[in-house]
Amino acid sequence: MSELWELTAHEAQDGLRAREFSSVELTESVLARVDAVEDRVNAYITRTDEVAREQAREADGRFAAGTATPLTGIPFAVKDLIVTKGVRTTAGSRMLGDFVPPYDSHVYEQLKRAGAVMVGKANMDEFAMGSSTEHSAYGVTRNPWDTDRVPGGSSGGSAAAVAAGECIAALGSDTGGSIRQPAALCGVVGLDPTYGRVSRFGIIAFGSSLDQVGPIGRDVEDVATILDGIGSHDPRDSTSDPAPRPDMRHYLGRDVAGKKIGVPREYFVDGMDDGVRTRIDEALRHLESLGCEVDTDLSLPMTEHALAVYYLIAPSEASSNLARYDGVKYGLSERGGSMWENMEQTREQGFGDEVKRRIMLGVYALSAGYYDQFYLKAQKVRTLITNEFRDAFTRYDALVTPTTPGVAFPVGDKLDDPYAMYLNDIYTLPSAVAGLPALSLPCGLSEGLPVGLQIIGDVGAEGTILQIGHAFEGALDEANRLAPL
Amino acid sequence: MPISRDQVLHIGRLARLGLSDDEIDRLTVQLSDILEHFEALAAVETDDVEPTAHPLPLQNVMRTDSVAPSLARDDALSNAPEVEDGLIRVRAVLE
């Protein structure tokens, strides 16, 4: 008999509806699992056991009353940049070490309305800047597949918690790959929705033209169900797209024969692990066996510029967004001198190295004399990248690539070389820059570690990529969805 | 070097980061390395290309100007470092 914490959300939902176990029992199973492995993983910054127990009791009431939703009673990890009323929200930073939000984010409101359960606030790279969760003021999160390795980032705590059984599902955020890259390295499923699909009301801002909230789960069905649960239009976020949202689960189980899949050759170049390439080649054959028309004769030459475009635009936006941390209104406040001295002391003490580096890069790219050369240039090349994708989607239903060039790397490996760390995002950046939805799902192991397959869709085409992902997952042998911890 | 130590010092002041001498030295090397990798961008032809500020085709999102409850003052001030008479107390801006 498997443990309750091993279930997917939809398996758990079936058991809850059939009264095989209660939400309280499911939650207690997850909390016991957290007790057992958290000292090795460090997936959470703040545990919320009492909130979880209270919400689990309420969930059982909803099953009894017949008002349960598909997320009722499901234990979640919530990335710690998603504000939660009355529960400390740090964004992985010393700057917000004592910050207790007086309001809820839209997505947490949606989870509560659906009757979900919050297990804790998940660890992350500070202000979502990083690809390894090593840039957290609250310690490194370890990859549950090999605790000497990183879980990816910035949503590393969320992905590791799902893989380790420290929750059933999680919310993360993706600016340049922060959901998909850790999902890939931890062997779970992660979706970066179309820009504007999920409200950012109550999400601590990093790169405002890029940030998007999305789900991490153990299979494609869970991720589709969570998107349905959190994705409603929200007038409090002016970038929330008012277009109607189709039910994602309608797409699951549909035949994918005849789907046209493009495989851009620029994603198969230098620096890619042979093991990753082997798994991706196998995945492409799997897709063909499902009847998809896979075309590897596709070139997207602007791909190579996505890294520079992203690492100019995101830090520029971050330098502006993080100007609000001045020690005056909330957050850390050093108060020993004049106004300017206090501001400098607060920011010196409150921000870690990577955040300072990105602020510096952004202020430089926006400063007089360099604005045209860097920021404006990056915005123009962003247009070219977007146009290239738009053209490709006139011929293809989806694009398929690896999610990352390699498997999870050892803790400390890239910490002293910022550019090497940035290169880990090379396959997740282009679709982020274009605001496109992209899914990462497991496609087997290399050297005993998970490899992620990325499926990129056109604007608003989450349904198509979830449909293809769901069919692919079913064609693969039972996915290794839990880490052997 | 694409960026000099003096430039890093200047940007650091603009950003109010209170950087130490060691940090200035390290950032000069690291930012130079990063910016060097970005130089290829200059070769991309963008003469007739409009910049993209954000990927959504939404513009001028309006809402009706209606009265609704908002965050209570005490809640809004609950994280402020120093509060006096329902206001945030700040250091003198003008000496």
# chains A, B, ... in the order shown; residues from 1 in each chain; ligands from 1
call {"tool": "residues_around", "arguments": {"residues": "A:Ser22", "least_positions_apart": "6", "cutoff": "9 Å", "atoms": "only C-alpha atoms", "output": "ChimeraX atom specification"}}
result
/A:15-16,56-57,59-60,63,73
call {"tool": "write_last_selection", "arguments": {"atoms": "C-alpha atoms", "output": "tab-separated table (two decimals), in the first residue's frame"}}
result
chain	number	residue	atom	x	y	z
A	15	GLY	CA	-9.85	8.88	-2.92
A	16	LEU	CA	-11.30	11.88	-1.09
A	56	ALA	CA	-7.90	20.29	5.74
A	57	ARG	CA	-10.75	20.27	8.28
A	59	ALA	CA	-12.00	20.66	3.07
A	60	ASP	CA	-13.51	17.62	4.77
A	63	PHE	CA	-16.71	16.93	0.84
A	73	GLY	CA	-8.17	19.05	0.16
call {"tool": "closest_atom_pairs", "arguments": {"of": "chain A", "to": "chain B", "cutoff": "6 Å", "atoms": "only C-alpha atoms", "output": "JSON lines"}}
result
{"residue": "A:Pro102", "atom": "CA", "partner": "B:Asp75", "partner_atom": "CA", "distance": 5.7}
{"residue": "A:Ser209", "atom": "CA", "partner": "B:His54", "partner_atom": "CA", "distance": 4.8}
{"residue": "A:Ala308", "atom": "CA", "partner": "B:Phe38", "partner_atom": "CA", "distance": 5.2}
{"residue": "A:Lys329", "atom": "CA", "partner": "B:Ala80", "partner_atom": "CA", "distance": 4.9}
{"residue": "A:Tyr330", "atom": "CA", "partner": "B:Ala80", "partner_atom": "CA", "distance": 4.5}
{"residue": "A:Met339", "atom": "CA", "partner": "B:Arg91", "partner_atom": "CA", "distance": 5.2}
{"residue": "A:Glu344", "atom": "CA", "partner": "B:Gly18", "partner_atom": "CA", "distance": 4.8}
{"residue": "A:Arg347", "atom": "CA", "partner": "B:Leu17", "partner_atom": "CA", "distance": 5.4}
{"residue": "A:Glu348", "atom": "CA", "partner": "B:Gly18", "partner_atom": "CA", "distance": 5.2}
{"residue": "A:Gln379", "atom": "CA", "partner": "B:Pro51", "partner_atom": "CA", "distance": 4.6}
{"residue": "A:Lys380", "atom": "CA", "partner": "B:Pro51", "partner_atom": "CA", "distance": 4.1}
{"residue": "A:Thr383", "atom": "CA", "partner": "B:Thr52", "partner_atom": "CA", "distance": 5.4}
{"residue": "A:Gly435", "atom": "CA", "partner": "B:Pro55", "partner_atom": "CA", "distance": 5.5}
call {"tool": "write_last_selection", "arguments": {"atoms": "N, CA and C atoms", "output": "PDB file, in the first residue's frame"}}
result
ATOM      1  N   PRO A 102      -0.597  42.076   4.542  1.00  0.00           N
ATOM      2  CA  PRO A 102      -1.954  42.350   5.031  1.00  0.00           C
ATOM      3  C   PRO A 102      -3.046  41.979   4.030  1.00  0.00           C
ATOM      4  N   SER A 209       7.328  42.612 -17.425  1.00  0.00           N
ATOM      5  CA  SER A 209       6.849  42.243 -18.756  1.00  0.00           C
ATOM      6  C   SER A 209       7.062  40.750 -19.008  1.00  0.00           C
ATOM      7  N   ALA A 308      20.823  37.303 -24.232  1.00  0.00           N
ATOM      8  CA  ALA A 308      21.212  38.711 -24.046  1.00  0.00           C
ATOM      9  C   ALA A 308      19.974  39.587 -23.871  1.00  0.00           C
ATOM     10  N   LYS A 329       8.827  52.129   3.959  1.00  0.00           N
ATOM     11  CA  LYS A 329       7.410  51.752   4.053  1.00  0.00           C
ATOM     12  C   LYS A 329       7.187  50.380   4.689  1.00  0.00           C
ATOM     13  N   TYR A 330       8.047  49.419   4.362  1.00  0.00           N
ATOM     14  CA  TYR A 330       7.950  48.064   4.916  1.00  0.00           C
ATOM     15  C   TYR A 330       9.254  47.359   4.622  1.00  0.00           C
ATOM     16  N   MET A 339      18.600  60.029   5.850  1.00  0.00           N
ATOM     17  CA  MET A 339      17.719  59.299   4.946  1.00  0.00           C
ATOM     18  C   MET A 339      18.507  58.500   3.905  1.00  0.00           C
ATOM     19  N   GLU A 344      20.893  53.315   1.830  1.00  0.00           N
ATOM     20  CA  GLU A 344      22.033  52.507   1.382  1.00  0.00           C
ATOM     21  C   GLU A 344      22.296  51.340   2.331  1.00  0.00           C
ATOM     22  N   ARG A 347      19.629  48.583   1.833  1.00  0.00           N
ATOM     23  CA  ARG A 347      19.792  47.815   0.595  1.00  0.00           C
ATOM     24  C   ARG A 347      21.071  46.983   0.621  1.00  0.00           C
ATOM     25  N   GLU A 348      22.107  47.504   1.287  1.00  0.00           N
ATOM     26  CA  GLU A 348      23.347  46.744   1.426  1.00  0.00           C
ATOM     27  C   GLU A 348      23.105  45.485   2.263  1.00  0.00           C
ATOM     28  N   GLN A 379      14.866  45.418 -26.567  1.00  0.00           N
ATOM     29  CA  GLN A 379      13.417  45.441 -26.838  1.00  0.00           C
ATOM     30  C   GLN A 379      13.111  45.226 -28.315  1.00  0.00           C
ATOM     31  N   LYS A 380      13.990  45.725 -29.174  1.00  0.00           N
ATOM     32  CA  LYS A 380      13.780  45.537 -30.620  1.00  0.00           C
ATOM     33  C   LYS A 380      14.049  44.096 -31.028  1.00  0.00           C
ATOM     34  N   THR A 383      11.244  41.917 -30.279  1.00  0.00           N
ATOM     35  CA  THR A 383      10.224  41.912 -31.332  1.00  0.00           C
ATOM     36  C   THR A 383      10.567  40.869 -32.409  1.00  0.00           C
ATOM     37  N   GLY A 435       6.487  35.727 -24.454  1.00  0.00           N
ATOM     38  CA  GLY A 435       5.243  35.630 -23.690  1.00  0.00           C
ATOM     39  C   GLY A 435       4.429  34.389 -23.998  1.00  0.00           C
TER      40      GLY A 435
END
call {"tool": "atom_distance", "arguments": {"atom1": "atom CA of A:Glu54", "atom2": "atom CA of A:Ser199"}}
result
26.0 Å
call {"tool": "atom_distance", "arguments": {"atom1": "atom CA of A:Ser316", "atom2": "atom CA of A:Tyr364"}}
result
8.2 Å
call {"tool": "closest_residue", "arguments": {"among": "A:Asp104, A:Asp274, A:Glu354, A:Asp391", "to": "A:Asp416", "atoms": "only C-alpha atoms"}}
result
A:Glu354
